[in-house]
Structures are given as structure tokens and as C-alpha cells.
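Written out below as C-alpha cells is the structure these notes cover.
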Amino acid sequence: MSTIKSLFVSGLLLVSLNGWSQSEMKEELCVIRLDSFGNGGHYSIVDSMPHFPGGNELINKFILENLKIPEDFISWNSKVITQFVVDTNGHLSDKKIIKGINEDLNNAVLAVLDKMPPWVPGKCNGRLVPVVFVLPVIIELQ
């Protein structure tokens with residue numbers, strides 16, 4: 001009888017260790033980048049990424065309605081890659097162009113980011129956290 005009890009206890013211990021290791025692994029899935037001054041930072045990998053309210057379809061519509069293409073823009077297909085931080089309130093900060101086309105178009109894309117409503121913030125282990133986000137803006141003139 002004592003052998004059965006010890007196996008049962010060992011089995012419970014293995015189950016709890018497995019649950020503990022999974023929760024530890026989950027915490028490791030969130031990656032934070034600290035600033036150079038050690039004042040905190042923002043996450044680059046989280047359990048739940050921030051997103052525009054309404055999803056991809058509505059962000060595309062928002063960009064299309066708000067992007068003012070410069071008059072001298074002649075390229076048919078272009079991609080401007082932006083980066084920003086979505087804070088715990090969903091506001092965008094630290095907006096910048098990673099790869100742009102020209103200054104006028106880059107500024108037009110940044111102006112659209114300035115007009116965006118708050119996003120749904122990212123989460124790490126159930127907590128709202130600031131997350132760096134990369135958003136390519138693809139422009140196809142027809």
C-alpha cells in the first residue's frame with residue numbers, strides 16, 4: 001500500500017512541477033528591451049500583441065482615409081516601414097520611420113500615426129505592458 005501512495009505523491013509532484021515549468025516558460029516568452037539609462041523599457045515579444053481597434057481591415061481603412069499622398073509622389077508601389085511603442089493606455093509614442101521613401105511621404109505617414117485612436121494594448125502574463133510595434137504601410141497607386 002505504501003508503494004501506491006508514494007507513486008501517487010510522485011505523480012502529483014510531477015504534475016505540479018510540469019505546471020510550474022509551464023508557467024515559468026510563459027513568463028520567459030515576454031521579452032523586454034531596457035533603455036540605455038536603465039529607466040525601464042518596452043516589450044518586443046508578449047503573450048498578446050497590441051492591435052488597432054477593429055483589426056487589420058479597419059486600420060487599412062483608417063490609413064486610406066487619412067493618408068495625404070504628396071502631389072509630387074510618382075512611385076506606383078512603395079512601402080514605408082514604421083515603428084512605435086503602444087503604451088499601457090493604447091497611445092502611440094516614439095513614432096519613427098525605419099525605412100522610408102522620401103521626407104514628404106515619410107512625414108505624411110507619421111501624420112497618420114499621430115491621428116490614430118488608442119490601440120488595444122499588449123499583455124504579458126495578463127498585465128498591460130508597453131510594446132514596440134512595427135507597421136509597414138504599403139502604398140499602391142492605381
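Chain lettering (A, B, ...) mirrors the order of the C-alpha cells, residue numbering begins at 1 for each chain separately, and ligand numbering begins at 1 in order of display.
Near stretch 47-63 of chain A, within a cut-off of 8 Å and counting only C-alpha atoms, sit the residues Leu29, Cys30, Leu67, Val86, Gly90, Val112, Met116, Pro118, Trp119, Val120, Pro121, Gly122, Lys123, Cys124, Asn125, Val131 and Phe133 of chain A, with same-chain residues fewer than 4 positions away left out.
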Point to revise | Residue list (helix (DSSP H, G or I), DSSP) for stretch 64-139 of chain A, as a ChimeraX atom specification | key: /A:64-66,103-115
**Study point:** Residue set, stretch 33-114 of chain A restricted to strand (DSSP E or B), as a ChimeraX atom specification
**Key:** /A:33-34,41-45,48,51,77-86,92-99
Study note, to complete from the structure: For A:Ile98, the closest of A:Ile32, A:Val129, A:Val80, A:Leu141 counting only C-alpha atoms is A:Val80
Point to revise | Among listed residues A:Val134, A:Arg33, A:Asp104, A:Lys115, nearest A:Ile69 (using only C-alpha atoms) | key: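 For A:Ile69, the nearest of the given residues is A:Asp104.
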Practice item. Measuring atom to atom with only C-alpha atoms, identify which of A:Ser93, A:Asn66, A:Ser44, A:Thr82 is nearest to A:Leu135. Key: A:Thr82
Check your understanding: Between atom CA of A:Ser78 and atom CA of A:Lys95, what is the distance, to one decimal in Å?
Key -> 19.3 Å
